[in-house]
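One file, data.pdb, is given below (PDB, C-alpha atoms).
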MODEL        1
ATOM      1  CA  ALA U   1       0.000   0.000   0.000
ATOM      2  CA  ALA U   2       1.121   3.531  -0.707
ATOM      3  CA  THR U   3       1.776   6.202   1.917
ATOM      4  CA  ALA U   4       0.574   9.802   1.750
ATOM      5  CA  GLY U   5       3.514  12.180   1.376
ATOM      6  CA  ALA U   6       4.021  15.650   2.717
ATOM      7  CA  ASP U   7       1.674  17.096   0.101
ATOM      8  CA  GLY U   8      -1.078  14.624   0.957
ATOM      9  CA  GLN U   9      -0.740  12.730  -2.329
ATOM     10  CA  PHE U  10       0.326   9.154  -2.982
ATOM     11  CA  PRO U  11       3.652   8.479  -4.697
ATOM     12  CA  GLY U  12       3.148   7.399  -8.278
ATOM     13  CA  ASP U  13      -0.565   8.362  -7.966
ATOM     14  CA  ARG U  14      -1.302   4.817  -6.791
ATOM     15  CA  ARG U  15      -4.705   3.982  -5.304
ATOM     16  CA  PHE U  16      -5.984   1.283  -2.979
ATOM     17  CA  ARG U  17      -7.679  -1.614  -4.678
ATOM     18  CA  SER U  18      -9.413  -3.003  -1.612
ATOM     19  CA  CYS U  19     -10.054  -2.274   2.049
ATOM     20  CA  GLY U  20      -7.661  -5.072   2.936
ATOM     21  CA  GLU U  21      -4.806  -3.377   1.125
ATOM     22  CA  GLY U  22      -5.668   0.076   2.402
ATOM     23  CA  GLY U  23      -6.224  -1.045   5.978
ATOM     24  CA  GLY U  24      -2.637  -2.160   6.481
ATOM     25  CA  PHE U  25      -0.804   0.909   5.306
ATOM     26  CA  LEU U  26      -0.005   2.135   8.824
ATOM     27  CA  MET U  27       1.875  -1.060   9.595
ATOM     28  CA  ALA U  28       3.917  -0.879   6.425
ATOM     29  CA  HIS U  29       6.025   2.087   7.550
ATOM     30  CA  ARG U  30       8.955   2.412   9.865
ATOM     31  CA  HIS U  31       8.447   6.128  10.464
ATOM     32  CA  PRO U  32       5.557   8.063  12.083
ATOM     33  CA  VAL U  33       2.562   8.959   9.912
ATOM     34  CA  ASP U  34       0.779  12.297  10.120
ATOM     35  CA  PRO U  35      -2.761  11.599  11.482
ATOM     36  CA  ALA U  36      -4.267  14.011   8.949
ATOM     37  CA  HIS U  37      -2.600  12.186   6.069
ATOM     38  CA  ALA U  38      -3.629   8.835   7.529
ATOM     39  CA  ALA U  39      -7.264   9.940   7.773
ATOM     40  CA  GLU U  40      -7.195  11.170   4.180
ATOM     41  CA  ALA U  41      -5.755   7.848   3.040
ATOM     42  CA  VAL U  42      -8.544   5.925   4.771
ATOM     43  CA  ILE U  43     -11.166   8.189   3.182
ATOM     44  CA  GLN U  44      -9.631   7.597  -0.231
ATOM     45  CA  SER U  45      -9.634   3.848   0.305
ATOM     46  CA  VAL U  46     -13.290   3.694   1.393
ATOM     47  CA  GLN U  47     -14.512   6.027  -1.344
ATOM     48  CA  THR U  48     -12.606   4.168  -4.035
ATOM     49  CA  VAL U  49     -14.027   0.792  -2.982
ATOM     50  CA  ALA U  50     -17.516   2.317  -2.848
ATOM     51  CA  GLY U  51     -17.152   3.417  -6.440
ATOM     52  CA  HIS U  52     -16.834   7.146  -5.738
ATOM     53  CA  ALA U  53     -14.151   9.564  -6.789
ATOM     54  CA  PRO U  54     -11.140   9.526  -4.431
ATOM     55  CA  TYR U  55     -10.890  12.742  -2.501
ATOM     56  CA  ALA U  56      -7.982  15.010  -3.372
ATOM     57  CA  GLY U  57      -7.434  18.555  -2.257
ATOM     58  CA  HIS U  58      -6.425  19.685  -5.760
ATOM     59  CA  ALA U  59      -9.281  17.933  -7.593
ATOM     60  CA  ARG U  60     -11.292  20.034 -10.009
ATOM     61  CA  VAL U  61     -14.937  20.787  -9.265
ATOM     62  CA  GLY U  62     -17.031  18.117 -10.956
ATOM     63  CA  GLU U  63     -14.094  15.759 -11.400
ATOM     64  CA  GLY U  64     -15.473  12.254 -10.974
ATOM     65  CA  PHE U  65     -14.242   8.720 -10.726
ATOM     66  CA  GLY U  66     -14.025   8.341 -14.498
ATOM     67  CA  ASP U  67     -11.722  11.375 -14.694
ATOM     68  CA  GLN U  68      -9.512  10.089 -11.876
ATOM     69  CA  VAL U  69      -8.865   6.758 -13.543
ATOM     70  CA  GLY U  70      -8.451   8.429 -16.894
ATOM     71  CA  ASP U  71     -10.928   6.358 -18.894
ATOM     72  CA  GLY U  72     -13.044   9.370 -19.845
ATOM     73  CA  SER U  73     -16.222   7.294 -19.729
ATOM     74  CA  GLY U  74     -18.238   9.413 -17.322
ATOM     75  CA  HIS U  75     -19.272   9.524 -13.693
ATOM     76  CA  PHE U  76     -20.792   6.465 -12.113
ATOM     77  CA  GLU U  77     -21.872   8.370  -9.029
ATOM     78  CA  LEU U  78     -23.879  10.846 -11.141
ATOM     79  CA  LEU U  79     -25.486   8.035 -13.124
ATOM     80  CA  TRP U  80     -26.392   6.263  -9.892
ATOM     81  CA  LEU U  81     -28.091   9.374  -8.524
ATOM     82  CA  ALA U  82     -29.919   9.922 -11.811
ATOM     83  CA  ILE U  83     -31.214   6.346 -11.904
ATOM     84  CA  LEU U  84     -32.267   6.631  -8.258
ATOM     85  CA  ALA U  85     -34.229   9.811  -9.012
ATOM     86  CA  SER U  86     -35.790   8.213 -12.086
ATOM     87  CA  ASN U  87     -36.868   5.129 -10.130
ATOM     88  CA  ILE U  88     -38.381   7.252  -7.378
ATOM     89  CA  GLY U  89     -40.247   9.248 -10.010
ATOM     90  CA  THR U  90     -41.557   6.022 -11.538
ATOM     91  CA  TRP U  91     -42.977   4.943  -8.183
ATOM     92  CA  VAL U  92     -44.559   8.367  -7.690
ATOM     93  CA  ASN U  93     -46.118   8.033 -11.143
ATOM     94  CA  ASP U  94     -47.475   4.570 -10.295
ATOM     95  CA  VAL U  95     -49.105   5.834  -7.106
ATOM     96  CA  ALA U  96     -50.749   8.710  -8.949
ATOM     97  CA  ALA U  97     -51.944   6.492 -11.808
ATOM     98  CA  ALA U  98     -53.605   4.049  -9.411
ATOM     99  CA  TRP U  99     -55.193   6.899  -7.459
ATOM    100  CA  VAL U 100     -56.562   8.576 -10.596
ATOM    101  CA  MET U 101     -57.991   5.299 -11.866
ATOM    102  CA  ALA U 102     -59.603   4.509  -8.510
ATOM    103  CA  GLU U 103     -61.072   7.996  -8.266
ATOM    104  CA  ARG U 104     -62.504   8.080 -11.784
ATOM    105  CA  THR U 105     -63.763   4.524 -12.172
ATOM    106  CA  GLY U 106     -64.009   2.982  -8.709
ATOM    107  CA  SER U 107     -63.305  -0.358 -10.385
ATOM    108  CA  PRO U 108     -60.763  -2.726  -8.789
ATOM    109  CA  LEU U 109     -60.304  -4.328 -12.195
ATOM    110  CA  MET U 110     -59.282  -1.044 -13.813
ATOM    111  CA  VAL U 111     -56.895  -0.257 -10.966
ATOM    112  CA  ALA U 112     -55.288  -3.669 -11.419
ATOM    113  CA  LEU U 113     -55.130  -3.059 -15.178
ATOM    114  CA  VAL U 114     -53.271   0.231 -14.826
ATOM    115  CA  GLN U 115     -50.855  -1.381 -12.376
ATOM    116  CA  SER U 116     -50.248  -4.260 -14.785
ATOM    117  CA  ALA U 117     -49.572  -1.786 -17.587
ATOM    118  CA  THR U 118     -46.314  -0.796 -15.882
ATOM    119  CA  THR U 119     -44.967  -4.349 -15.599
ATOM    120  CA  VAL U 120     -46.224  -6.101 -18.737
ATOM    121  CA  PRO U 121     -43.740  -4.204 -20.979
ATOM    122  CA  ILE U 122     -40.841  -5.735 -19.012
ATOM    123  CA  VAL U 123     -41.991  -9.196 -20.064
ATOM    124  CA  LEU U 124     -42.726  -8.203 -23.649
ATOM    125  CA  LEU U 125     -39.631  -6.089 -24.344
ATOM    126  CA  ALA U 126     -36.886  -7.643 -22.221
ATOM    127  CA  LEU U 127     -35.269  -9.531 -25.115
ATOM    128  CA  ALA U 128     -35.400  -6.626 -27.557
ATOM    129  CA  ALA U 129     -34.145  -4.164 -24.931
ATOM    130  CA  GLY U 130     -31.188  -6.381 -24.043
ATOM    131  CA  THR U 131     -30.247  -6.783 -27.694
ATOM    132  CA  LEU U 132     -30.380  -3.052 -28.363
ATOM    133  CA  ALA U 133     -28.318  -2.332 -25.265
ATOM    134  CA  ASP U 134     -25.532  -4.489 -26.736
ATOM    135  CA  ILE U 135     -25.466  -3.061 -30.264
ATOM    136  CA  VAL U 136     -26.125   0.683 -29.914
ATOM    137  CA  ASP U 137     -24.404   3.536 -28.122
ATOM    138  CA  ARG U 138     -25.691   3.107 -24.580
ATOM    139  CA  ARG U 139     -25.406   6.744 -23.595
ATOM    140  CA  ARG U 140     -27.555   7.936 -26.494
ATOM    141  CA  TYR U 141     -29.881   5.002 -26.009
ATOM    142  CA  LEU U 142     -30.463   5.936 -22.370
ATOM    143  CA  LEU U 143     -31.015   9.566 -23.332
ATOM    144  CA  ALA U 144     -33.619   8.467 -25.867
ATOM    145  CA  THR U 145     -35.506   6.228 -23.427
ATOM    146  CA  GLN U 146     -35.463   8.843 -20.675
ATOM    147  CA  GLY U 147     -36.601  11.476 -23.143
ATOM    148  CA  TRP U 148     -39.512   9.244 -24.154
ATOM    149  CA  MET U 149     -40.526   8.763 -20.520
ATOM    150  CA  LEU U 150     -40.296  12.521 -19.926
ATOM    151  CA  LEU U 151     -42.583  13.166 -22.907
ATOM    152  CA  VAL U 152     -45.164  10.630 -21.715
ATOM    153  CA  ALA U 153     -45.098  12.043 -18.192
ATOM    154  CA  ALA U 154     -45.582  15.578 -19.516
ATOM    155  CA  VAL U 155     -48.607  14.469 -21.554
ATOM    156  CA  MET U 156     -50.106  12.733 -18.521
ATOM    157  CA  ALA U 157     -49.561  15.812 -16.358
ATOM    158  CA  ALA U 158     -51.095  18.130 -18.955
ATOM    159  CA  LEU U 159     -54.150  15.931 -19.506
ATOM    160  CA  THR U 160     -54.653  15.558 -15.745
ATOM    161  CA  ALA U 161     -54.409  19.317 -15.204
ATOM    162  CA  MET U 162     -56.997  19.899 -17.953
ATOM    163  CA  ASP U 163     -59.230  17.102 -16.591
ATOM    164  CA  MET U 164     -59.020  15.269 -19.927
ATOM    165  CA  LEU U 165     -57.301  12.075 -18.761
ATOM    166  CA  THR U 166     -59.776   9.262 -19.406
ATOM    167  CA  PRO U 167     -59.277   5.739 -17.992
ATOM    168  CA  GLN U 168     -58.422   4.443 -21.457
ATOM    169  CA  LEU U 169     -55.811   7.142 -22.010
ATOM    170  CA  LEU U 170     -54.404   6.511 -18.555
ATOM    171  CA  VAL U 171     -53.869   2.817 -19.305
ATOM    172  CA  LEU U 172     -52.316   3.610 -22.689
ATOM    173  CA  LEU U 173     -49.956   6.256 -21.323
ATOM    174  CA  THR U 174     -49.001   4.121 -18.339
ATOM    175  CA  PHE U 175     -48.189   1.281 -20.730
ATOM    176  CA  SER U 176     -46.065   3.695 -22.788
ATOM    177  CA  MET U 177     -44.224   4.776 -19.650
ATOM    178  CA  GLY U 178     -43.611   1.133 -18.779
ATOM    179  CA  CYS U 179     -42.212   0.528 -22.265
ATOM    180  CA  GLY U 180     -39.665   3.297 -21.757
ATOM    181  CA  ALA U 181     -38.622   1.890 -18.382
ATOM    182  CA  ALA U 182     -38.370  -1.644 -19.758
ATOM    183  CA  MET U 183     -36.212  -0.530 -22.679
ATOM    184  CA  ALA U 184     -33.875   1.400 -20.367
ATOM    185  CA  MET U 185     -33.234  -1.292 -17.751
ATOM    186  CA  PRO U 186     -30.715  -3.475 -19.642
ATOM    187  CA  ALA U 187     -28.697  -0.454 -20.782
ATOM    188  CA  GLN U 188     -28.601   0.961 -17.259
ATOM    189  CA  ALA U 189     -27.173  -2.313 -15.997
ATOM    190  CA  ALA U 190     -24.731  -2.811 -18.882
ATOM    191  CA  ILE U 191     -23.246   0.685 -18.879
ATOM    192  CA  VAL U 192     -21.891   0.249 -15.349
ATOM    193  CA  SER U 193     -18.973  -1.819 -16.663
ATOM    194  CA  GLU U 194     -17.952   1.145 -18.837
ATOM    195  CA  LEU U 195     -17.894   3.591 -15.934
ATOM    196  CA  VAL U 196     -15.914   1.741 -13.269
ATOM    197  CA  PRO U 197     -12.737  -0.362 -13.349
ATOM    198  CA  GLN U 198     -13.110  -4.124 -13.173
ATOM    199  CA  PRO U 199     -11.979  -4.453  -9.505
ATOM    200  CA  MET U 200     -14.836  -2.171  -8.433
ATOM    201  CA  LEU U 201     -17.545  -3.627 -10.644
ATOM    202  CA  ALA U 202     -19.021  -5.786  -7.885
ATOM    203  CA  SER U 203     -19.337  -2.772  -5.573
ATOM    204  CA  ALA U 204     -20.975  -0.746  -8.335
ATOM    205  CA  VAL U 205     -23.508  -3.498  -9.055
ATOM    206  CA  ALA U 206     -24.267  -3.721  -5.333
ATOM    207  CA  LEU U 207     -24.854   0.040  -5.203
ATOM    208  CA  ASN U 208     -27.265  -0.267  -8.126
ATOM    209  CA  SER U 209     -29.252  -2.880  -6.211
ATOM    210  CA  ILE U 210     -29.269  -0.660  -3.138
ATOM    211  CA  GLY U 211     -30.585   2.228  -5.236
ATOM    212  CA  ILE U 212     -33.455   0.108  -6.568
ATOM    213  CA  ASN U 213     -34.455  -0.896  -3.047
ATOM    214  CA  ILE U 214     -34.209   2.683  -1.791
ATOM    215  CA  ALA U 215     -36.555   3.846  -4.552
ATOM    216  CA  ARG U 216     -38.950   0.987  -3.818
ATOM    217  CA  SER U 217     -38.971   1.915  -0.129
ATOM    218  CA  ILE U 218     -39.462   5.677  -0.298
ATOM    219  CA  GLY U 219     -41.009   6.211  -3.745
ATOM    220  CA  PRO U 220     -44.626   5.351  -2.827
ATOM    221  CA  ALA U 221     -44.409   7.440   0.355
ATOM    222  CA  ILE U 222     -43.124  10.440  -1.596
ATOM    223  CA  GLY U 223     -45.875   9.860  -4.156
ATOM    224  CA  GLY U 224     -48.521   9.944  -1.427
ATOM    225  CA  MET U 225     -47.132  13.183   0.030
ATOM    226  CA  VAL U 226     -46.936  14.871  -3.389
ATOM    227  CA  LEU U 227     -50.454  13.702  -4.226
ATOM    228  CA  LEU U 228     -51.796  15.077  -0.951
ATOM    229  CA  THR U 229     -50.004  18.432  -1.029
ATOM    230  CA  LEU U 230     -49.613  19.317  -4.720
ATOM    231  CA  GLY U 231     -52.276  17.311  -6.499
ATOM    232  CA  MET U 232     -52.381  14.562  -9.108
ATOM    233  CA  ALA U 233     -50.846  16.526 -11.983
ATOM    234  CA  ALA U 234     -47.692  17.225  -9.950
ATOM    235  CA  CYS U 235     -47.120  13.485  -9.448
ATOM    236  CA  PHE U 236     -46.809  12.952 -13.185
TER     237      PHE U 236
ENDMDL
END
Mind turning the file's structure into structure tokens?
Amino acid sequence: AATAGADGQFPGDRRFRSCGEGGGFLMAHRHPVDPAHAAEAVIQSVQTVAGHAPYAGHARVGEGFGDQVGDGSGHFELLWLAILASNIGTWVNDVAAAWVMAERTGSPLMVALVQSATTVPIVLLALAAGTLADIVDRRRYLLATQGWMLLVAAVMAALTAMDMLTPQLLVLLTFSMGCGAAMAMPAQAAIVSELVPQPMLASAVALNSIGINIARSIGPAIGGMVLLTLGMAACF
């Protein structure tokens, strides 16, 4: 393991590859280590393993993990936050869609239908989405799918605000939203390997799973609060 020098940087710009390597750096030296430099080294080790950009006092604002390793492929941490926000928004949308359907029809069958419209596309489009994620530029592909979902959400919000959202339109638009989410899922998973080095891929995949569970846990609650305070149109 490398030792932080007087300027707080590691000789040869080396980085820890695991907590096991980083944890033993204090024992590897025969001279005293500055506590401030030791603390910075531990922070770098933990953040690197977690898939985040190593902290450095001279780092540029906005410089991410991709810039630090020099692959130029982007920022995993920003993608993770974006996917988390998108997943939370999807849950908020689902809560609002079910509420609108229940309010306008009072039919349990229609409520179940609108809920199914979000998951059926995953079954229907999984194979096609996975194939496209392997043969097209994933960044542009994700931009296209997210743009499609944004357009559908805007239409749903506008129709709800104008009181023109019929049950049939709600099912159709919810299905369209589900198609966008289903097409994006394989690319979101596959692009992770382009954003982090191989030794940190397992940690990045684990963080993706954590993000999905976070969205599943808090998304419906946020949807209920937005629905109560700002109305149905704001949820879309």
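Closest approach to Val171 (chain U) from the set U:Met110, U:Val192, U:Ile83, U:Val205 is made by U:Met110, with distances taken over all atoms listed in the file.
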Using the chain letters and numbers from this file, what does the PyMOL selection byres ((chain U and resi 218-234) around 12) select? Give the answer as a PDB file with C-alpha atoms, keeping the file's coordinate frame.
ATOM      1  CA  LEU U  84     -32.267   6.631  -8.258  1.00  0.00           C
ATOM      2  CA  ALA U  85     -34.229   9.811  -9.012  1.00  0.00           C
ATOM      3  CA  SER U  86     -35.790   8.213 -12.086  1.00  0.00           C
ATOM      4  CA  ASN U  87     -36.868   5.129 -10.130  1.00  0.00           C
ATOM      5  CA  ILE U  88     -38.381   7.252  -7.378  1.00  0.00           C
ATOM      6  CA  GLY U  89     -40.247   9.248 -10.010  1.00  0.00           C
ATOM      7  CA  THR U  90     -41.557   6.022 -11.538  1.00  0.00           C
ATOM      8  CA  TRP U  91     -42.977   4.943  -8.183  1.00  0.00           C
ATOM      9  CA  VAL U  92     -44.559   8.367  -7.690  1.00  0.00           C
ATOM     10  CA  ASN U  93     -46.118   8.033 -11.143  1.00  0.00           C
ATOM     11  CA  ASP U  94     -47.475   4.570 -10.295  1.00  0.00           C
ATOM     12  CA  VAL U  95     -49.105   5.834  -7.106  1.00  0.00           C
ATOM     13  CA  ALA U  96     -50.749   8.710  -8.949  1.00  0.00           C
ATOM     14  CA  ALA U  97     -51.944   6.492 -11.808  1.00  0.00           C
ATOM     15  CA  ALA U  98     -53.605   4.049  -9.411  1.00  0.00           C
ATOM     16  CA  TRP U  99     -55.193   6.899  -7.459  1.00  0.00           C
ATOM     17  CA  VAL U 100     -56.562   8.576 -10.596  1.00  0.00           C
ATOM     18  CA  MET U 101     -57.991   5.299 -11.866  1.00  0.00           C
ATOM     19  CA  GLU U 103     -61.072   7.996  -8.266  1.00  0.00           C
ATOM     20  CA  ALA U 153     -45.098  12.043 -18.192  1.00  0.00           C
ATOM     21  CA  ALA U 154     -45.582  15.578 -19.516  1.00  0.00           C
ATOM     22  CA  VAL U 155     -48.607  14.469 -21.554  1.00  0.00           C
ATOM     23  CA  MET U 156     -50.106  12.733 -18.521  1.00  0.00           C
ATOM     24  CA  ALA U 157     -49.561  15.812 -16.358  1.00  0.00           C
ATOM     25  CA  ALA U 158     -51.095  18.130 -18.955  1.00  0.00           C
ATOM     26  CA  LEU U 159     -54.150  15.931 -19.506  1.00  0.00           C
ATOM     27  CA  THR U 160     -54.653  15.558 -15.745  1.00  0.00           C
ATOM     28  CA  ALA U 161     -54.409  19.317 -15.204  1.00  0.00           C
ATOM     29  CA  MET U 162     -56.997  19.899 -17.953  1.00  0.00           C
ATOM     30  CA  ASP U 163     -59.230  17.102 -16.591  1.00  0.00           C
ATOM     31  CA  MET U 164     -59.020  15.269 -19.927  1.00  0.00           C
ATOM     32  CA  LEU U 165     -57.301  12.075 -18.761  1.00  0.00           C
ATOM     33  CA  GLY U 211     -30.585   2.228  -5.236  1.00  0.00           C
ATOM     34  CA  ILE U 212     -33.455   0.108  -6.568  1.00  0.00           C
ATOM     35  CA  ASN U 213     -34.455  -0.896  -3.047  1.00  0.00           C
ATOM     36  CA  ILE U 214     -34.209   2.683  -1.791  1.00  0.00           C
ATOM     37  CA  ALA U 215     -36.555   3.846  -4.552  1.00  0.00           C
ATOM     38  CA  ARG U 216     -38.950   0.987  -3.818  1.00  0.00           C
ATOM     39  CA  SER U 217     -38.971   1.915  -0.129  1.00  0.00           C
ATOM     40  CA  CYS U 235     -47.120  13.485  -9.448  1.00  0.00           C
ATOM     41  CA  PHE U 236     -46.809  12.952 -13.185  1.00  0.00           C
TER      42      PHE U 236
END
Result set of the PyMOL selection byres ((chain U and resi 184) around 8) on the coordinates above, as a PDB file with C-alpha atoms, in the coordinates of the input:
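Final output, saved to out_3.pdb:
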ATOM      1  CA  ALA U 129     -34.145  -4.164 -24.931  1.00  0.00           C
ATOM      2  CA  TYR U 141     -29.881   5.002 -26.009  1.00  0.00           C
ATOM      3  CA  LEU U 142     -30.463   5.936 -22.370  1.00  0.00           C
ATOM      4  CA  THR U 145     -35.506   6.228 -23.427  1.00  0.00           C
ATOM      5  CA  GLN U 146     -35.463   8.843 -20.675  1.00  0.00           C
ATOM      6  CA  GLY U 180     -39.665   3.297 -21.757  1.00  0.00           C
ATOM      7  CA  ALA U 181     -38.622   1.890 -18.382  1.00  0.00           C
ATOM      8  CA  ALA U 182     -38.370  -1.644 -19.758  1.00  0.00           C
ATOM      9  CA  MET U 183     -36.212  -0.530 -22.679  1.00  0.00           C
ATOM     10  CA  MET U 185     -33.234  -1.292 -17.751  1.00  0.00           C
ATOM     11  CA  PRO U 186     -30.715  -3.475 -19.642  1.00  0.00           C
ATOM     12  CA  ALA U 187     -28.697  -0.454 -20.782  1.00  0.00           C
ATOM     13  CA  GLN U 188     -28.601   0.961 -17.259  1.00  0.00           C
TER      14      GLN U 188
END
Go through the shown structure with the PyMOL selection byres ((chain U and resi 204) around 12) and write out the matching residues as a PDB file with C-alpha atoms, in the coordinates of the input.
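Wrote it out as selection_25.pdb, contents follow:
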ATOM      1  CA  GLN U  47     -14.512   6.027  -1.344  1.00  0.00           C
ATOM      2  CA  THR U  48     -12.606   4.168  -4.035  1.00  0.00           C
ATOM      3  CA  VAL U  49     -14.027   0.792  -2.982  1.00  0.00           C
ATOM      4  CA  ALA U  50     -17.516   2.317  -2.848  1.00  0.00           C
ATOM      5  CA  GLY U  51     -17.152   3.417  -6.440  1.00  0.00           C
ATOM      6  CA  HIS U  52     -16.834   7.146  -5.738  1.00  0.00           C
ATOM      7  CA  PHE U  65     -14.242   8.720 -10.726  1.00  0.00           C
ATOM      8  CA  HIS U  75     -19.272   9.524 -13.693  1.00  0.00           C
ATOM      9  CA  PHE U  76     -20.792   6.465 -12.113  1.00  0.00           C
ATOM     10  CA  GLU U  77     -21.872   8.370  -9.029  1.00  0.00           C
ATOM     11  CA  LEU U  79     -25.486   8.035 -13.124  1.00  0.00           C
ATOM     12  CA  TRP U  80     -26.392   6.263  -9.892  1.00  0.00           C
ATOM     13  CA  GLN U 188     -28.601   0.961 -17.259  1.00  0.00           C
ATOM     14  CA  ALA U 189     -27.173  -2.313 -15.997  1.00  0.00           C
ATOM     15  CA  ALA U 190     -24.731  -2.811 -18.882  1.00  0.00           C
ATOM     16  CA  ILE U 191     -23.246   0.685 -18.879  1.00  0.00           C
ATOM     17  CA  VAL U 192     -21.891   0.249 -15.349  1.00  0.00           C
ATOM     18  CA  SER U 193     -18.973  -1.819 -16.663  1.00  0.00           C
ATOM     19  CA  GLU U 194     -17.952   1.145 -18.837  1.00  0.00           C
ATOM     20  CA  LEU U 195     -17.894   3.591 -15.934  1.00  0.00           C
ATOM     21  CA  VAL U 196     -15.914   1.741 -13.269  1.00  0.00           C
ATOM     22  CA  PRO U 197     -12.737  -0.362 -13.349  1.00  0.00           C
ATOM     23  CA  GLN U 198     -13.110  -4.124 -13.173  1.00  0.00           C
ATOM     24  CA  PRO U 199     -11.979  -4.453  -9.505  1.00  0.00           C
ATOM     25  CA  MET U 200     -14.836  -2.171  -8.433  1.00  0.00           C
ATOM     26  CA  LEU U 201     -17.545  -3.627 -10.644  1.00  0.00           C
ATOM     27  CA  ALA U 202     -19.021  -5.786  -7.885  1.00  0.00           C
ATOM     28  CA  SER U 203     -19.337  -2.772  -5.573  1.00  0.00           C
ATOM     29  CA  VAL U 205     -23.508  -3.498  -9.055  1.00  0.00           C
ATOM     30  CA  ALA U 206     -24.267  -3.721  -5.333  1.00  0.00           C
ATOM     31  CA  LEU U 207     -24.854   0.040  -5.203  1.00  0.00           C
ATOM     32  CA  ASN U 208     -27.265  -0.267  -8.126  1.00  0.00           C
ATOM     33  CA  SER U 209     -29.252  -2.880  -6.211  1.00  0.00           C
ATOM     34  CA  ILE U 210     -29.269  -0.660  -3.138  1.00  0.00           C
ATOM     35  CA  GLY U 211     -30.585   2.228  -5.236  1.00  0.00           C
TER      36      GLY U 211
END
| Which distance in Å separates CA of Leu113 (chain U) and CA of Leu125 (chain U), to one decimal? |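 Value for the CA of Leu113 (chain U)-CA of Leu125 (chain U) distance: 18.3 Å.
Of note, CA of Val114 (chain U) and CA of Leu127 (chain U) are spaced 22.9 Å apart.
Interatomic distance, CA of Leu170 (chain U) to CA of Ala82 (chain U): 25.6 Å.
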| task | Pick out the closest residue to Val120 (chain U) from this set: U:Gly147, U:Gly178, U:Gly106, U:Pro167. Count only C-alpha atoms. | result |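 Among the listed residues, the smallest separation from Val120 (chain U) belongs to U:Gly178.
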